[in-house]
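Peer 1: Take this structure, written in structure tokens, and hold onto it; I'll ask about it next.
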Amino acid sequence: MLRGGLSVGALSLLTGCDLSDHDSVQRVLARFSAWNDRVQAALFSQRRLAPTFPDAMAVKDFRYNAWYGADKAPRLDPADYRLVLAGRIANKKPWSVDELHALPQVSQVTRHVCVEGWSMIGKWSGTPLHTFLERIGADATARYVGFECADGYYEGIDMPTALHPQTLMAFRLSDEILPTKYGYPFKIRIPTKLGFKNPKFVTTIYVTDQQPRGYWTDRGYNWFSGI
Amino acid sequence: MTALRDEQRHPLARRIAHWVMALSILVMIGSGWRIYNASPIFPFIFPDWATLGGDVEASLARHGDPGVASAIAWHFAAMWLLVASYLLFVLWGALSGHFWRDFLPVGPKSVTRDMLAALRFRLEHRLGEYNAVQKAAYWGVLAAVALMIVSGIAIWKPVQSYPLEILFGGFPGARIVHFLGMAAIVLFLVVHVALTLIVPRTLLAMVVGRASEPRHGVSSENLR
């Protein structure tokens with residue numbers, strides 16, 4: 001791998017051009033990325049909490065971020081919304097918004113870090129994902145939890161991150177019911193992951209041993225993307 | 001009487017570490033500029049042709065990403081090469097005595113003296129011997145790379161490395177420090193490469209391990 005990296009880099013220099021778009025180069029980069037997945041999984045600890053901040057530091061007008069305009073965000077009607085459960089889960093009964101809101105909730109002020117480099121502190125409230133996973137009888141020995149979303153987005157995370165105490169199903173932002181453009185009825189808020197690993201408009205949660213794909217990881221971003 | 005020859009030698013380990021470091025630093029800079037462009041912290045961006053990450057427009061057309069994914073993949077691959085070569089270079093330099101023998105002594109007085117001499121084109125160069133400005137620059141760039149590694153960890157893993165970022169005034173501060181460290185390294189590279197072009201034998205020594213030339217002029221020792 002090291003030799004592959006060296007020769008690709010040397011070739012890049014000698015030809016004086018950018019070889020990023022070549023399949024062979026992408027394969028070498030993908031191997032480094034897979035290695036980085038393993039390093040990050042080893043670095044991760046469920047006892048290591050993301051820093052939290054005073055309420056006053058939470059931004060009220062949180063940055064809207066998606067590949068489509070806010071006016072294109074899907075409007076989910078609470079009357080017919082049902083959260084679908086699949087995979088290694090004992091009780092797969094779908095959940096309505098009211099049932100979700102009745103779950104025990106916590107609040108946390110944490111920092112959202114975008115893969116592009118910008119960061120923003122916000123206040124999210126909701127149910128710890130591990131609480132929900134226990135409630136539905138999810139198999140915690142499975143390796144991954146995946147998410148499908150109403151805007152066509154899809155993501156997935158490793159089980160240790162899913163069980164991390166700060167990983168939330170966030171129903172509220174800045175103490176208000178999550179507005180449409182931020183992912184109503186809920187987003188998965190993970191302060192130990194980059195922003196794009198925080199899916200919005202979640203419609204399906206599944207538990208699996210097969211690594212879920214991700215919208216941006218399919219476009220070349222690192223899968224684990226822990227911070 | 002045999003003619004005196006100045007000689008410069010670079011053992012294999014130093015040459016390998018030097019070139020791997022050079023390569024990885026160039027990849028880090030090119031990919032870092034593309035990543036910077038995605039969310040600039042100053043009121044300018046780098047031209048796409050100077051950045052690494054593939055064709056911006058083709059990548060946008062293909063899947064809505066301006067090659068930042070590739071740039072990040074480069075950055076987080078080359079970082080391993082950089083850390084490995086940097087450790088090899090520093091450990092070898094410290095343990096072999098190279099650093100202490102060739103980069104010392106150096107101080108503000110000798111740096112000022114040699115800088116002034118260089119500006120008046122009166123600084124003699126002798127192969128295999130570094131003037132005070134060079135010595136200071138080598139210490140400086142070694143420190144800058146160390147700063148890049150530490151601030152880079154604070155940016156890559158702000159949660160796992162917390163509270164490391166506080167050293168830099170928080171996460172946004174770490175990005176600024178990471179940028180300034182890059183700027184210092186780029187400045188070093190410009191001067192370093194320019195001087196190499198003026199005295200190409202130094203490049204020869206760093207490639208094949210050895211270069212020599214007849215002694216000429218007076219050494220900087222005699223200028224004192």
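Labeling convention for the structure tokens: chains A, B, ... as they appear, residues from 1 per chain, ligands from 1 in order of appearance.
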Counting only C-alpha atoms, a student should be able to say which residues of chain A come within 7 Å of chain B; what is the right answer, written as a PyMOL selection string?
Peer 2: chain A and resi 9+18-21+29+32-33+50-51+116-118+192+219-221+227
Peer 1: Could you pull out the strand (DSSP E or B) residues of stretch 51-222 of chain A, going by DSSP on the backbone, and write them as a PyMOL selection string?
Peer 2: chain A and resi 83-87+89+95+106-113+119-128+138+144-149+154-158+168-173+176-177+187-189+193+202-208
Peer 1: Go through A:Asp209, A:Asp158, A:Glu176, A:Glu148 and flag the residue nearest A:Gln40, using only C-alpha atoms for the distances.
Peer 2: A:Asp158
Peer 1: Taking only C-alpha atoms into account, name the residue in B:His192, B:Arg14, B:Arg210, B:His178 that is nearest to B:Ala94.
Peer 2: B:Arg14
Peer 1: Measure the distance from atom CA of B:Leu127 to atom CA of B:Ala144 in Å and round it to one decimal.
Peer 2: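 Going from atom CA of B:Leu127 over to atom CA of B:Ala144, I get 25.5 Å.
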Peer 1: Run DSSP on the backbone and grab whatever in stretch 42-166 of chain A lands in alpha helix (DSSP H); send it over as a PyMOL selection string.
Peer 2: chain A and resi 42-43+97-101+129-135+159-162
Peer 1: What separation in Å, quoted to one decimal, exists between atom CA of B:His98 and atom CA of B:Val111?
Peer 2: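 It comes out at 19.5 Å.
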Peer 1: Need the shell around A:Leu129: protein/DNA/RNA residues with any atom at most 8 Å away, counting only C-alpha atoms. Skip same-chain ones fewer than 4 positions apart. Format as an MDAnalysis selection string?
Peer 2: chainID A and resid 133 162:163 165 167:169
Peer 1: Name the closest residue to B:Asp6 among the candidates B:Phe99, B:Ala117, B:Gly128, B:Ala137; distances are taken between atoms, counting only C-alpha atoms.
Peer 2: B:Gly128
Peer 1: Which polymer residues have any atom within 7 Å of an atom of A:His112, counting only C-alpha atoms, with same-chain residues fewer than 5 positions away left out, as a PyMOL selection string?
Peer 2: chain A and resi 119-121+191+195
Peer 1: Mind giving me the straight-line distance from atom CA of A:Pro78 to atom CA of A:Arg172 in Å, one decimal?
Peer 2: 14.9 Å
Peer 1: Would you mind listing what lies within 8 Å of B:Val141 as a PyMOL selection string, with only C-alpha atoms counted and same-chain residues fewer than 2 positions away left out?
Peer 2: chain B and resi 137-139+143-145+184-185+188
Peer 1: Take the selection from the previous step and output its residues with N, CA and C atoms, as a PDB file, in the first residue's frame.
Peer 2:
```pdb
ATOM      1  N   ALA B 137      16.464  28.199   8.931  1.00  0.00           N
ATOM      2  CA  ALA B 137      15.341  27.798   8.071  1.00  0.00           C
ATOM      3  C   ALA B 137      15.032  26.312   8.242  1.00  0.00           C
ATOM      4  N   TYR B 138      16.079  25.479   8.382  1.00  0.00           N
ATOM      5  CA  TYR B 138      15.833  24.055   8.559  1.00  0.00           C
ATOM      6  C   TYR B 138      15.131  23.772   9.892  1.00  0.00           C
ATOM      7  N   TRP B 139      15.606  24.426  10.967  1.00  0.00           N
ATOM      8  CA  TRP B 139      14.904  24.263  12.250  1.00  0.00           C
ATOM      9  C   TRP B 139      13.465  24.752  12.115  1.00  0.00           C
ATOM     10  N   ALA B 143      10.026  22.606  12.606  1.00  0.00           N
ATOM     11  CA  ALA B 143       9.026  23.007  13.603  1.00  0.00           C
ATOM     12  C   ALA B 143       7.665  23.209  12.941  1.00  0.00           C
ATOM     13  N   ALA B 144       7.674  23.793  11.728  1.00  0.00           N
ATOM     14  CA  ALA B 144       6.406  24.047  11.037  1.00  0.00           C
ATOM     15  C   ALA B 144       5.697  22.733  10.702  1.00  0.00           C
ATOM     16  N   VAL B 145       6.455  21.724  10.274  1.00  0.00           N
ATOM     17  CA  VAL B 145       5.827  20.434   9.957  1.00  0.00           C
ATOM     18  C   VAL B 145       5.251  19.818  11.241  1.00  0.00           C
ATOM     19  N   ALA B 184       3.977  29.045   5.857  1.00  0.00           N
ATOM     20  CA  ALA B 184       5.394  29.058   6.226  1.00  0.00           C
ATOM     21  C   ALA B 184       6.157  27.991   5.434  1.00  0.00           C
ATOM     22  N   ILE B 185       5.548  26.817   5.281  1.00  0.00           N
ATOM     23  CA  ILE B 185       6.215  25.735   4.555  1.00  0.00           C
ATOM     24  C   ILE B 185       6.337  26.080   3.070  1.00  0.00           C
ATOM     25  N   PHE B 188       9.178  28.452   2.721  1.00  0.00           N
ATOM     26  CA  PHE B 188      10.429  27.702   2.808  1.00  0.00           C
ATOM     27  C   PHE B 188      10.715  26.996   1.481  1.00  0.00           C
TER      28      PHE B 188
END
```
Peer 1: Mind checking which residues fall within 8 Å of A:Phe171, counting only C-alpha atoms, ignoring those fewer than 4 positions away in the same chain, and posting them as a count of residues only?
Peer 2: 11
Peer 1: Excluding B:Leu91 and any residue of its chain fewer than 5 positions from it, enumerate the residues within 12 Å of it, using only C-alpha atoms, and give them as a PDB file with C-alpha atoms, in the first residue's frame.
Peer 2:
```
ATOM      1  CA  ALA B  13      18.177   7.090   5.021  1.00  0.00           C
ATOM      2  CA  ARG B  14      18.279  10.886   4.938  1.00  0.00           C
ATOM      3  CA  ALA B  17      13.202  10.521   4.244  1.00  0.00           C
ATOM      4  CA  VAL B  83       4.382  11.460   9.487  1.00  0.00           C
ATOM      5  CA  ALA B  84       6.469   8.365   8.700  1.00  0.00           C
ATOM      6  CA  SER B  85       9.094  10.259   6.690  1.00  0.00           C
ATOM      7  CA  TYR B  86       9.167  13.135   9.174  1.00  0.00           C
ATOM      8  CA  SER B  96      23.158  10.292  13.782  1.00  0.00           C
ATOM      9  CA  GLY B  97      24.304  13.699  14.997  1.00  0.00           C
ATOM     10  CA  HIS B  98      23.476  15.310  11.630  1.00  0.00           C
ATOM     11  CA  PHE B  99      21.254  17.967  13.199  1.00  0.00           C
ATOM     12  CA  LEU B 142      10.991  21.116  10.936  1.00  0.00           C
TER      13      LEU B 142
END
```
